[in-house]
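Take a look at the structure below.
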Protein chains: 2
Amino acid sequence: MADALKIGIAGLGTVGASLVRILQDRHETLATTCGRAIEITAVTARDRSKDRGVDLAGITWFDDAVSLASQGGIDVFVELMGGTGDPAYASVKAALTHGVHVVTANKALLAAHGIELAEIAEKHGALLNYEAAVAGGIPVIKALRESMTGNTISRVYGIMNGTCNYILTKMEKEGLSFEACLKEAQRLGYAEADPAFDIEGNDTAHKLSILTSLAFGTAIAADDIYLEGITNISIEDIQAAADLGYRIKLLGVAQRTESGIEQRVHPTMVPHDTVIAQVDGVTNAVAIESDILGELLMVGPGAGGDATASAVLGDIADIAKSRPGAQHVPAFGRPANALLPYKRARMQSHEGGYFIRLKVVDRTGVFANVAKQMADNDISLESIMQHSKHYADPAEPKTIILVTHATFEASVRKAIVSIKAEGYLVGEPQVIRIERPKAW
Amino acid sequence: MADALKIGIAGLGTVGASLVRILQDRHETLATTCGRAIEITAVTARDRSKDRGVDLAGITWFDDAVSLASQGGIDVFVELMGGTGDPAYASVKAALTHGVHVVTANKALLAAHGIELAEIAEKHGALLNYEAAVAGGIPVIKALRESMTGNTISRVYGIMNGTCNYILTKMEKEGLSFEACLKEAQRLGYAEADPAFDIEGNDTAHKLSILTSLAFGTAIAADDIYLEGITNISIEDIQAAADLGYRIKLLGVAQRTESGIEQRVHPTMVPHDTVIAQVDGVTNAVAIESDILGELLMVGPGAGGDATASAVLGDIADIAKSRPGAQHVPAFGRPANALLPYKRARMQSHEGGYFIRLKVVDRTGVFANVAKQMADNDISLESIMQHSKHYADPAEPKTIILVTHATFEASVRKAIVSIKAEGYLVGEPQVIRIERPKAW
């Protein structure tokens with residue numbers, strides 16, 4: 001049997017502690033499977049005295065992640081600290097510079113510095129593995145980076161934030177408000193005390209930027225993403241969607257278009273009878289559409305200590321099964337210097353169906369005027385209806401709900417500007433994009 | 001850049017021709033991604049003169065697959081001939097014996113000789129990759145063999161035969177008979193002229209035996225599978241299932257139990273609101289339940305020249321990205337000599353819910369007697385109902401439909417023997433097992 005693979009773990013939170021436990025409990029089985037033992041030889045974390053329920057006896061403690069990465073005598077540096085800044089950034093760089101393989105779950109770091117890190121990794125013959133960074137336990141990185149080699153990808157999209165999907169599912173199933181469901185998510189530990197990063201879509205955007213690079217062979221462009229969170233989604237939207245045969249999901253979508261690549265994160269209506277519409281609660285799902293393989297959908301746990309640790313372990317095992325320096329797996333599918341520049345498709349040129357919900361004053365001719373504004377902007381309607389059932393008082397505003405056929409974002413925005421100018425609108429209109437899976 | 005990877009392809013049917021086309025069309029991109037070119041240097045097929053719409057100029061033609069495998073001067077032997085016998089068996093053995101890596105889509109060969117071939121591969125430092133052998137384009141082999149390393153799997157199951165799923169979907173959606181849907185499947189090329197291998201469940205069983213080995217670390221036991229095809233499923237079953245909130249799918253299921261491992265292929269009722277129930281037509285789906293990762297479900301194309309070629313290409317690319325002899329990836333997850341013996345759990349001890357449909361003569365007391373026979377065998381019922389709506393003539397037999405809570409196969413069989421002895425049964429009873437996904 002080959003020499004043991006020596007790993008150093010930086011960060012002993014939920015995922016780190018779970019990983020330590022698994023590597024210790026399954027030491028024998030892993031050695032059999034990988035053809036060599038996997039030994040944790042060094043660790044570092046913020047607080048040495050904290051009890052994490054794991055046995056660190058015989059493992060060298062480092063106070064500093066950079067020292068562990070560069071002078072820890074390890075084969076693999078496992079970065080589970082998180083964050084785009086130091087010590088994560090500095091220590092990952094230090095490891096790669098020393099030819100030490102890196103396994104990380106840090107999507108923010110990759111979104112910010114991924115290409116630079118990939119270049120360093122290649123230069124020093126180190127691997128940069130990050131299956132856990134996107135959609136937790138779902139092996140979507142492996143699918144894109146390895147299984148789908150040679151495929152031309154047309155679209156990749158998914159539910160990649162469990163917090164948002166939990167809230168949207170609960171709103172639909174129990175008819176509760178966004179605020180009430182967010183509180184429940186916080187109580188259950190599915191949402192942070194400061195939930196902005198999740199519910200505003202930033203977390204999904206980080207993950208999407210990584211998938212975009214892998215799918216299209218382009219440099220990561222995490223700042224070039226159209227971003228809309230779920231805070232604006234009301235129970236009325238969810239009910240109207242259900243009436244129309246849709247469910248609302250926060251999707252991250254990257255799509256090849258004639259004018260470039262669209263990257264967008266926004267609440268999305270998906271047809272009720274599709275598989276992705278059935279993905280409920282904290283579960284994640286990622287779909288990939290390509291020209292050779294066709295459509296692939298993967299559903300699984302997107303977060304949680306064990307699921308994330310499983311993905312980290314898979315990355316470590318891949319290194320254990322190969323021999324140091326023996327493999328050529330560029331971090332983002334192709335060598336960093338062969339990645340294409342990211343060419344952003346303008347959101348204005350996005351083409352798709354739209355759900356539009358307007359509150360209008362109850363005046364004769366308004367309904368007809370809304371329809372006319374749509375026609376004037378070349379927007380073809382699948383349906384338009386006036387919802388009055390909820391309103392007992394005739395003086396209250398009425399709700400008009402439109403569903404368009406495929407049209408352009410620019411047209412929809414123009415139509416809404418025109419409608420606003422008419423003066424019959426009450427409050428802001430709600431606009432939700434419709435996404436249609438190619439299959440299922 | 002490293003030397004080109006030289007591959008030889010044996011078999012130029014739909015998949016082989018598709019692979020040749022893809023490797024030629026995407027030569028540059030593949031070289032960039034893999035860090036080396038992939039060159040087809042040799043091919044063999046039954047009929048040299050046949051026009052396959054691909055350009056074989058400059059590629060050495062072999063009349064004999066064994067010669068190609070052993071004396072073709074190739075790094076990878078791609079076996080796409082199919083069948084358990086020669087030339088597939090002999091040529092794969094010859095390649096591995098010469099240290100030539102093998103990529104195959106041949107599930108039957110692996111089901112019959114997988115462990116022997118894995119041993120030869122290990123002995124000679126060759127890789128045996130077979131992503132395309134199970135569920136076509138779905139990367140389930142990679143998920144089990146690589147991503148889920150270290151996980152203890154409790155159950156793996158799926159829809160792995162497109163022919164059966166197409167027929168069952170069409171029966172449900174259009175209310176047509178099994179025979180009519182089979183004819184339509186044949187017309188569309190989804191079913192063979194002799195469809196027995198698919199509709200009797202053998203194809204699913206072959207695939208399942210491979211997944212079982214990977215999931216549980218056991219030797220392949222393709223003959224130790226409980227097998228029931230879909231020929232016996234009637235439109236009445238499908239409608240009764242729908243009324244009860246279920247859909248009928250042909251599932252292959254491998255499950256760890258206290259007494260061993262269950263391997264079974266049979267028509268199965270799955271709850272209507274689960275993701276796997278939504279998988280329609282020729283699409284495949286595989287779910288894996290494990291202790292660390294949790295539940296993973298993958299949905300995608302299970303067959304077709306391009307989808308299968310994509311999986312074959314992924315396997316070839318994995319070899320191209322590694323350096324020859326540099327990787328330790330045992331074919332079935334752990335070294336062949338470390339695979340555990342397969343211990344079969346008896347079908348009689350299978351525990352689960354059951355759907356039972358009985359035709360009975362219309363006689364007072366029959367309904368009560370059926371209920372009593374169930375109780376006498378300790379079978380707890382979720383529902384029991386008499387379907388009389390379809391029968392205008394009071395002399396016609398009545399239908400009784402039962403759904404049980406979790407019970408044992410042995411109890412159900414015993415109850416049915418008792419019911420048969422009562423003499424009021426018309427024809428054979430229909431028994432369909434119920435499977436509940438752990439999540440979604």
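Just so we're on the same page: first chain in the structure tokens is A, next is B, and so on; residues restart at 1 for each chain, and ligands are numbered from 1 in the order they show up.
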
Within 8 Å of chain A, which residues of chain B show up when using only C-alpha atoms, listed as a compact mmCIF listing (two decimals) with all heavy atoms, in the first residue's frame?
```txt
# COMPACT_ATOMS: atom_id res chain seq x y z
N ILE B 22 -17.87 12.73 -32.33
CA ILE B 22 -17.59 13.71 -31.27
C ILE B 22 -16.09 13.90 -31.08
O ILE B 22 -15.59 15.02 -30.97
CB ILE B 22 -18.25 13.25 -29.94
CG1 ILE B 22 -19.78 13.27 -30.08
CG2 ILE B 22 -17.81 14.12 -28.78
CD1 ILE B 22 -20.49 12.48 -29.00
N ARG B 26 -14.54 17.57 -31.89
CA ARG B 26 -14.14 18.38 -30.73
C ARG B 26 -12.68 18.12 -30.33
O ARG B 26 -12.33 18.24 -29.16
CB ARG B 26 -15.09 18.09 -29.57
CG ARG B 26 -16.49 18.39 -30.01
CD ARG B 26 -17.55 18.22 -29.01
NE ARG B 26 -18.81 18.40 -29.72
CZ ARG B 26 -19.96 18.74 -29.18
NH1 ARG B 26 -20.04 18.92 -27.89
NH2 ARG B 26 -21.04 18.89 -29.93
N THR B 29 -10.86 21.20 -28.54
CA THR B 29 -11.39 21.50 -27.20
C THR B 29 -11.02 20.41 -26.22
O THR B 29 -10.64 20.67 -25.07
CB THR B 29 -12.93 21.62 -27.26
OG1 THR B 29 -13.26 22.51 -28.32
CG2 THR B 29 -13.49 22.15 -25.96
N LEU B 30 -11.13 19.17 -26.65
CA LEU B 30 -10.80 18.06 -25.77
C LEU B 30 -9.32 18.09 -25.39
O LEU B 30 -8.96 17.81 -24.25
CB LEU B 30 -11.16 16.73 -26.43
CG LEU B 30 -12.66 16.42 -26.46
CD1 LEU B 30 -12.97 15.25 -27.38
CD2 LEU B 30 -13.18 16.15 -25.04
N THR B 32 -7.46 20.72 -25.14
CA THR B 32 -7.29 21.79 -24.15
C THR B 32 -7.74 21.32 -22.77
O THR B 32 -7.06 21.51 -21.77
CB THR B 32 -8.12 23.02 -24.56
OG1 THR B 32 -7.71 23.43 -25.86
CG2 THR B 32 -7.93 24.16 -23.58
N THR B 33 -8.91 20.71 -22.73
CA THR B 33 -9.48 20.29 -21.45
C THR B 33 -8.64 19.20 -20.79
O THR B 33 -8.43 19.20 -19.58
CB THR B 33 -10.91 19.79 -21.66
OG1 THR B 33 -11.65 20.80 -22.33
CG2 THR B 33 -11.58 19.47 -20.34
N CYS B 34 -8.20 18.25 -21.59
CA CYS B 34 -7.52 17.07 -21.03
C CYS B 34 -6.01 17.26 -20.92
O CYS B 34 -5.33 16.42 -20.33
CB CYS B 34 -7.82 15.85 -21.88
SG CYS B 34 -9.57 15.44 -21.92
N GLY B 35 -5.50 18.31 -21.49
CA GLY B 35 -4.06 18.52 -21.43
C GLY B 35 -3.31 17.62 -22.39
O GLY B 35 -2.07 17.53 -22.35
N GLY B 137 -26.45 8.45 -19.66
CA GLY B 137 -25.71 9.68 -19.41
C GLY B 137 -25.66 10.12 -17.95
O GLY B 137 -24.96 11.06 -17.61
N ILE B 138 -26.39 9.44 -17.08
CA ILE B 138 -26.39 9.83 -15.67
C ILE B 138 -25.11 9.35 -15.01
O ILE B 138 -24.80 8.16 -15.04
CB ILE B 138 -27.60 9.21 -14.93
CG1 ILE B 138 -28.91 9.67 -15.58
CG2 ILE B 138 -27.58 9.58 -13.45
CD1 ILE B 138 -30.15 9.02 -14.98
N PRO B 139 -24.35 10.25 -14.38
CA PRO B 139 -23.04 9.84 -13.83
C PRO B 139 -23.17 9.13 -12.48
O PRO B 139 -22.59 9.55 -11.48
CB PRO B 139 -22.28 11.16 -13.70
CG PRO B 139 -23.32 12.21 -13.56
CD PRO B 139 -24.54 11.71 -14.31
N ALA B 143 -20.64 8.89 -9.12
CA ALA B 143 -21.18 9.31 -7.82
C ALA B 143 -20.88 8.25 -6.77
O ALA B 143 -20.40 8.55 -5.68
CB ALA B 143 -22.68 9.57 -7.93
N GLU B 146 -16.72 7.45 -6.69
CA GLU B 146 -15.83 8.53 -6.31
C GLU B 146 -16.47 9.48 -5.29
O GLU B 146 -15.98 9.61 -4.17
CB GLU B 146 -15.39 9.29 -7.57
CG GLU B 146 -14.69 8.36 -8.58
CD GLU B 146 -14.35 9.05 -9.89
OE1 GLU B 146 -14.27 10.28 -9.94
OE2 GLU B 146 -14.19 8.33 -10.91
N SER B 147 -17.56 10.13 -5.69
CA SER B 147 -18.11 11.18 -4.82
C SER B 147 -18.51 10.67 -3.45
O SER B 147 -18.34 11.36 -2.45
CB SER B 147 -19.35 11.82 -5.47
OG SER B 147 -19.06 12.33 -6.73
N MET B 148 -19.05 9.47 -3.37
CA MET B 148 -19.60 8.99 -2.11
C MET B 148 -18.64 8.09 -1.34
O MET B 148 -19.06 7.42 -0.40
CB MET B 148 -20.94 8.30 -2.37
CG MET B 148 -21.92 9.29 -2.98
SD MET B 148 -23.55 8.62 -3.26
CE MET B 148 -24.20 8.73 -1.60
N THR B 149 -17.38 8.13 -1.72
CA THR B 149 -16.37 7.37 -0.99
C THR B 149 -16.51 7.64 0.51
O THR B 149 -16.61 8.79 0.92
CB THR B 149 -14.96 7.79 -1.45
OG1 THR B 149 -14.83 7.50 -2.84
CG2 THR B 149 -13.87 7.05 -0.68
N GLY B 150 -16.53 6.58 1.30
CA GLY B 150 -16.62 6.74 2.75
C GLY B 150 -18.04 6.69 3.28
O GLY B 150 -18.25 6.50 4.47
N ASN B 151 -19.02 6.86 2.39
CA ASN B 151 -20.41 6.76 2.81
C ASN B 151 -20.82 5.30 2.98
O ASN B 151 -20.39 4.43 2.23
CB ASN B 151 -21.33 7.39 1.77
CG ASN B 151 -21.48 8.89 1.93
OD1 ASN B 151 -22.39 9.36 2.61
ND2 ASN B 151 -20.57 9.64 1.32
N ASP B 273 -46.44 12.37 -5.27
CA ASP B 273 -45.82 13.68 -5.07
C ASP B 273 -44.32 13.60 -4.82
O ASP B 273 -43.71 14.55 -4.35
CB ASP B 273 -46.51 14.42 -3.92
CG ASP B 273 -46.44 13.63 -2.62
OD1 ASP B 273 -45.98 12.47 -2.66
OD2 ASP B 273 -46.83 14.17 -1.57
N THR B 274 -43.70 12.47 -5.15
CA THR B 274 -42.25 12.38 -5.04
C THR B 274 -41.62 12.70 -6.39
O THR B 274 -42.27 12.59 -7.44
CB THR B 274 -41.81 10.96 -4.63
OG1 THR B 274 -42.33 10.02 -5.58
CG2 THR B 274 -42.35 10.61 -3.25
N VAL B 275 -40.35 13.09 -6.33
CA VAL B 275 -39.68 13.48 -7.57
C VAL B 275 -39.59 12.29 -8.53
O VAL B 275 -39.83 12.42 -9.72
CB VAL B 275 -38.29 14.07 -7.26
CG1 VAL B 275 -37.51 14.30 -8.53
CG2 VAL B 275 -38.42 15.37 -6.49
N GLN B 278 -42.32 11.58 -10.89
CA GLN B 278 -42.50 12.53 -11.99
C GLN B 278 -41.60 12.21 -13.19
O GLN B 278 -41.65 12.91 -14.20
CB GLN B 278 -42.16 13.96 -11.52
CG GLN B 278 -42.89 14.41 -10.27
CD GLN B 278 -44.37 14.63 -10.50
OE1 GLN B 278 -44.74 15.05 -11.58
NE2 GLN B 278 -45.18 14.31 -9.52
N VAL B 279 -40.75 11.20 -13.05
CA VAL B 279 -39.80 10.89 -14.12
C VAL B 279 -40.51 10.07 -15.20
O VAL B 279 -40.86 8.92 -14.97
CB VAL B 279 -38.58 10.14 -13.56
CG1 VAL B 279 -37.67 9.68 -14.68
CG2 VAL B 279 -37.83 11.04 -12.59
N ASP B 280 -40.74 10.71 -16.32
CA ASP B 280 -41.59 10.13 -17.35
C ASP B 280 -40.81 9.68 -18.58
O ASP B 280 -39.69 10.11 -18.80
CB ASP B 280 -42.63 11.17 -17.79
CG ASP B 280 -43.75 11.32 -16.78
OD1 ASP B 280 -43.86 10.44 -15.90
OD2 ASP B 280 -44.49 12.31 -16.86
N ILE B 292 -23.87 9.69 5.31
CA ILE B 292 -23.21 10.99 5.45
C ILE B 292 -23.81 12.00 4.49
O ILE B 292 -24.29 13.04 4.88
CB ILE B 292 -21.68 10.93 5.22
CG1 ILE B 292 -21.04 9.68 5.84
CG2 ILE B 292 -21.02 12.17 5.79
CD1 ILE B 292 -19.55 9.59 5.60
N LEU B 293 -23.78 11.65 3.21
CA LEU B 293 -24.29 12.59 2.22
C LEU B 293 -25.78 12.81 2.39
O LEU B 293 -26.27 13.91 2.21
CB LEU B 293 -23.96 12.11 0.81
CG LEU B 293 -24.17 13.15 -0.30
CD1 LEU B 293 -23.25 12.88 -1.48
CD2 LEU B 293 -25.60 13.19 -0.81
N GLY B 294 -26.50 11.75 2.71
CA GLY B 294 -27.95 11.85 2.75
C GLY B 294 -28.51 11.24 1.48
O GLY B 294 -28.01 10.21 1.02
N GLU B 295 -29.53 11.87 0.89
CA GLU B 295 -30.15 11.31 -0.30
C GLU B 295 -29.77 12.11 -1.53
O GLU B 295 -29.84 13.33 -1.52
CB GLU B 295 -31.66 11.31 -0.16
CG GLU B 295 -32.15 10.34 0.88
CD GLU B 295 -32.32 11.02 2.23
OE1 GLU B 295 -33.08 11.98 2.30
OE2 GLU B 295 -31.65 10.61 3.19
N LEU B 296 -29.38 11.39 -2.55
CA LEU B 296 -29.01 12.00 -3.82
C LEU B 296 -29.85 11.37 -4.92
O LEU B 296 -29.98 10.15 -4.98
CB LEU B 296 -27.52 11.75 -4.09
CG LEU B 296 -26.96 12.29 -5.40
CD1 LEU B 296 -26.96 13.82 -5.41
CD2 LEU B 296 -25.54 11.78 -5.62
N LEU B 297 -30.43 12.21 -5.76
CA LEU B 297 -31.23 11.70 -6.88
C LEU B 297 -30.70 12.31 -8.16
O LEU B 297 -30.44 13.51 -8.23
CB LEU B 297 -32.70 12.09 -6.70
CG LEU B 297 -33.63 11.75 -7.87
CD1 LEU B 297 -33.85 10.25 -7.98
CD2 LEU B 297 -34.96 12.46 -7.72
N MET B 298 -30.53 11.47 -9.18
CA MET B 298 -30.06 11.97 -10.46
C MET B 298 -31.01 11.52 -11.55
O MET B 298 -31.42 10.35 -11.59
CB MET B 298 -28.66 11.44 -10.73
CG MET B 298 -27.65 11.97 -9.72
SD MET B 298 -25.95 11.63 -10.15
CE MET B 298 -25.87 9.97 -9.54
N VAL B 299 -31.36 12.45 -12.41
CA VAL B 299 -32.32 12.20 -13.48
C VAL B 299 -31.68 12.56 -14.81
O VAL B 299 -31.04 13.62 -14.91
CB VAL B 299 -33.59 13.05 -13.28
CG1 VAL B 299 -34.65 12.72 -14.32
CG2 VAL B 299 -34.15 12.91 -11.87
N GLY B 300 -31.83 11.73 -15.82
CA GLY B 300 -31.25 12.07 -17.11
C GLY B 300 -31.54 11.01 -18.15
O GLY B 300 -32.26 10.04 -17.88
N PRO B 301 -30.95 11.17 -19.34
CA PRO B 301 -31.22 10.22 -20.41
C PRO B 301 -30.53 8.89 -20.13
O PRO B 301 -29.34 8.84 -19.84
CB PRO B 301 -30.61 10.90 -21.65
CG PRO B 301 -29.60 11.84 -21.11
CD PRO B 301 -30.04 12.25 -19.75
N ASP B 306 -25.95 9.47 -28.48
CA ASP B 306 -25.17 10.60 -28.00
C ASP B 306 -24.99 10.58 -26.48
O ASP B 306 -23.88 10.80 -25.99
CB ASP B 306 -25.82 11.92 -28.43
CG ASP B 306 -25.45 12.30 -29.85
OD1 ASP B 306 -24.67 11.55 -30.48
OD2 ASP B 306 -25.95 13.33 -30.34
N ALA B 307 -26.09 10.36 -25.74
CA ALA B 307 -25.99 10.37 -24.28
C ALA B 307 -25.02 9.28 -23.81
O ALA B 307 -24.19 9.50 -22.92
CB ALA B 307 -27.36 10.17 -23.65
N THR B 308 -25.10 8.11 -24.42
CA THR B 308 -24.20 7.03 -24.05
C THR B 308 -22.76 7.38 -24.44
O THR B 308 -21.82 7.15 -23.67
CB THR B 308 -24.65 5.71 -24.72
OG1 THR B 308 -26.03 5.51 -24.44
CG2 THR B 308 -23.86 4.53 -24.20
N ALA B 309 -22.61 7.95 -25.63
CA ALA B 309 -21.26 8.35 -26.08
C ALA B 309 -20.68 9.40 -25.13
O ALA B 309 -19.47 9.41 -24.87
CB ALA B 309 -21.32 8.90 -27.50
N SER B 310 -21.53 10.27 -24.61
CA SER B 310 -21.05 11.29 -23.66
C SER B 310 -20.47 10.64 -22.41
O SER B 310 -19.42 11.06 -21.91
CB SER B 310 -22.21 12.23 -23.28
OG SER B 310 -21.81 13.14 -22.29
N ALA B 311 -21.16 9.61 -21.92
CA ALA B 311 -20.65 8.91 -20.73
C ALA B 311 -19.34 8.18 -21.05
O ALA B 311 -18.41 8.18 -20.24
CB ALA B 311 -21.70 7.93 -20.22
N LEU B 313 -17.21 9.08 -23.32
CA LEU B 313 -16.21 10.13 -23.47
C LEU B 313 -15.71 10.63 -22.11
O LEU B 313 -14.51 10.88 -21.93
CB LEU B 313 -16.81 11.29 -24.28
CG LEU B 313 -15.92 12.52 -24.49
CD1 LEU B 313 -14.61 12.15 -25.14
CD2 LEU B 313 -16.65 13.57 -25.33
N GLY B 314 -16.64 10.76 -21.16
CA GLY B 314 -16.23 11.16 -19.80
C GLY B 314 -15.21 10.20 -19.22
O GLY B 314 -14.23 10.60 -18.61
N ASP B 315 -15.46 8.89 -19.44
CA ASP B 315 -14.53 7.87 -18.95
C ASP B 315 -13.17 7.97 -19.64
O ASP B 315 -12.11 7.78 -19.01
CB ASP B 315 -15.11 6.47 -19.22
CG ASP B 315 -16.12 6.05 -18.18
OD1 ASP B 315 -16.24 6.73 -17.14
OD2 ASP B 315 -16.80 5.01 -18.40
N ALA B 317 -11.94 10.69 -21.01
CA ALA B 317 -11.30 11.95 -20.57
C ALA B 317 -10.66 11.78 -19.20
O ALA B 317 -9.59 12.34 -18.95
CB ALA B 317 -12.34 13.07 -20.55
N ASP B 318 -11.30 11.01 -18.32
CA ASP B 318 -10.70 10.77 -17.00
C ASP B 318 -9.33 10.11 -17.15
O ASP B 318 -8.39 10.43 -16.42
CB ASP B 318 -11.59 9.85 -16.17
CG ASP B 318 -12.66 10.63 -15.41
OD1 ASP B 318 -12.61 11.88 -15.44
OD2 ASP B 318 -13.52 10.00 -14.81
N LYS B 321 -6.82 12.67 -18.56
CA LYS B 321 -6.37 13.66 -17.57
C LYS B 321 -5.40 13.06 -16.56
O LYS B 321 -4.58 13.78 -15.98
CB LYS B 321 -7.58 14.23 -16.83
CG LYS B 321 -8.44 15.14 -17.71
CD LYS B 321 -9.75 15.46 -16.99
CE LYS B 321 -10.71 16.20 -17.91
NZ LYS B 321 -12.05 16.33 -17.29
N SER B 322 -5.51 11.77 -16.29
CA SER B 322 -4.53 11.16 -15.40
C SER B 322 -3.35 10.74 -16.26
O SER B 322 -3.37 10.84 -17.47
CB SER B 322 -5.13 9.95 -14.69
OG SER B 322 -5.31 8.88 -15.59
N ARG B 323 -2.29 10.31 -15.65
CA ARG B 323 -1.17 9.80 -16.43
C ARG B 323 -1.19 8.29 -16.32
O ARG B 323 -1.52 7.75 -15.25
CB ARG B 323 0.15 10.39 -15.90
CG ARG B 323 0.22 11.89 -16.08
CD ARG B 323 0.27 12.29 -17.58
NE ARG B 323 0.06 13.71 -17.77
CZ ARG B 323 -1.10 14.25 -18.13
NH1 ARG B 323 -2.15 13.50 -18.36
NH2 ARG B 323 -1.20 15.55 -18.29
N ALA B 326 -1.01 5.90 -13.19
CA ALA B 326 -0.82 6.77 -12.04
C ALA B 326 -1.99 6.78 -11.08
O ALA B 326 -1.95 7.42 -10.05
CB ALA B 326 -0.57 8.20 -12.52
N GLN B 327 -3.03 6.08 -11.43
CA GLN B 327 -4.22 6.19 -10.62
C GLN B 327 -4.66 4.86 -10.04
O GLN B 327 -4.54 3.81 -10.66
CB GLN B 327 -5.35 6.77 -11.46
CG GLN B 327 -5.90 8.03 -10.84
CD GLN B 327 -7.10 8.51 -11.61
OE1 GLN B 327 -7.20 8.26 -12.80
NE2 GLN B 327 -8.00 9.19 -10.94
N HIS B 328 -5.21 4.95 -8.86
CA HIS B 328 -5.73 3.77 -8.18
C HIS B 328 -7.24 3.95 -8.05
O HIS B 328 -7.71 4.57 -7.12
CB HIS B 328 -5.07 3.68 -6.79
CG HIS B 328 -5.73 2.70 -5.87
ND1 HIS B 328 -5.28 1.42 -5.71
CD2 HIS B 328 -6.82 2.82 -5.06
CE1 HIS B 328 -6.06 0.79 -4.84
NE2 HIS B 328 -6.99 1.61 -4.42
N VAL B 329 -7.99 3.48 -9.03
CA VAL B 329 -9.44 3.52 -8.92
C VAL B 329 -9.96 2.11 -9.18
O VAL B 329 -10.21 1.74 -10.32
CB VAL B 329 -10.09 4.52 -9.90
CG1 VAL B 329 -11.60 4.57 -9.68
CG2 VAL B 329 -9.52 5.91 -9.71
N PRO B 330 -10.10 1.30 -8.13
CA PRO B 330 -10.58 -0.06 -8.35
C PRO B 330 -11.94 -0.02 -9.03
O PRO B 330 -12.76 0.85 -8.72
CB PRO B 330 -10.70 -0.62 -6.93
CG PRO B 330 -9.93 0.30 -6.05
CD PRO B 330 -9.94 1.64 -6.71
N GLY B 333 -14.98 0.12 -6.72
CA GLY B 333 -14.88 0.94 -5.52
C GLY B 333 -13.79 0.49 -4.58
O GLY B 333 -13.06 1.29 -4.04
N ARG B 334 -13.68 -0.81 -4.35
CA ARG B 334 -12.60 -1.32 -3.53
C ARG B 334 -11.89 -2.44 -4.30
O ARG B 334 -12.47 -3.02 -5.21
CB ARG B 334 -13.10 -1.81 -2.18
CG ARG B 334 -14.41 -2.57 -2.23
CD ARG B 334 -14.73 -3.25 -0.92
NE ARG B 334 -14.97 -2.33 0.17
CZ ARG B 334 -14.80 -2.64 1.46
NH1 ARG B 334 -14.37 -3.85 1.80
NH2 ARG B 334 -15.08 -1.78 2.40
N PRO B 335 -10.65 -2.74 -3.95
CA PRO B 335 -9.92 -3.77 -4.69
C PRO B 335 -10.74 -5.06 -4.76
O PRO B 335 -11.46 -5.39 -3.80
CB PRO B 335 -8.66 -3.97 -3.86
CG PRO B 335 -8.46 -2.67 -3.15
CD PRO B 335 -9.83 -2.13 -2.88
N ALA B 338 -10.88 -7.29 -1.94
CA ALA B 338 -11.46 -6.74 -0.71
C ALA B 338 -12.99 -6.65 -0.79
O ALA B 338 -13.63 -6.19 0.14
CB ALA B 338 -10.87 -5.36 -0.42
N TRP B 440 -38.10 13.76 -0.49
CA TRP B 440 -38.72 14.24 -1.73
C TRP B 440 -39.83 13.33 -2.23
O TRP B 440 -39.79 12.84 -3.36
CB TRP B 440 -37.72 14.44 -2.88
CG TRP B 440 -36.33 14.60 -2.45
CD1 TRP B 440 -35.83 15.61 -1.68
CD2 TRP B 440 -35.22 13.75 -2.74
NE1 TRP B 440 -34.51 15.44 -1.48
CE2 TRP B 440 -34.12 14.29 -2.13
CE3 TRP B 440 -35.10 12.57 -3.46
CZ2 TRP B 440 -32.87 13.70 -2.21
CZ3 TRP B 440 -33.87 11.99 -3.54
CH2 TRP B 440 -32.79 12.56 -2.92
```

With only C-alpha atoms as the counted atoms, please give the residues lying no more than 6 Å from range 255-267 of chain B, apart from itself and same-chain residues fewer than 3 positions off, as a VMD selection string. chain B and resid 154 to 155 225 to 229 249 to 252 343 to 345

I need the alpha helix (DSSP H) residues of range 69-270 of chain A per DSSP on the backbone, written as a VMD selection string. chain A and resid 69 to 71 88 to 97 107 to 123 140 to 142 162 to 174 178 to 187 196 to 199 202 to 216 235 to 243

I want to know what sits within 6 Å of range 185-202 of chain A, based on only C-alpha atoms, with residues of the same chain fewer than 5 positions away left out; could you give that as a PyMOL selection string? chain A and resi 163-164+229-230

Report as JSON, numbers by chain all protein, DNA and RNA residues lying within 8 Å of Thr104 in chain B, evaluated on only C-alpha atoms, omitting residues in the same chain fewer than 6 positions from it. {"B": [78, 79, 80, 128, 129, 130, 131, 132, 133, 312]}

Pick out each residue of range 283-434 of chain B that DSSP on the backbone tags as strand (DSSP E or B); I need them as JSON, numbers by chain. {"B": [283, 284, 285, 286, 287, 288, 289, 290, 295, 296, 297, 298, 299, 300, 301, 322, 327, 340, 344, 351, 352, 353, 354, 355, 356, 357, 358, 359, 360, 381, 382, 383, 384, 385, 386, 387, 398, 399, 400, 401, 402, 403, 404, 407, 408, 425, 430, 431, 432, 433, 434]}

Near range 6-10 of chain B, counting only C-alpha atoms, which residues have an atom at most 10 Å away, once you skip same-chain residues fewer than 5 positions from it, shown as a ChimeraX atom specification? /B:16-17,19-20,37-46,59-66,68-69,72-82,87-88,91-92,100-104,316,320
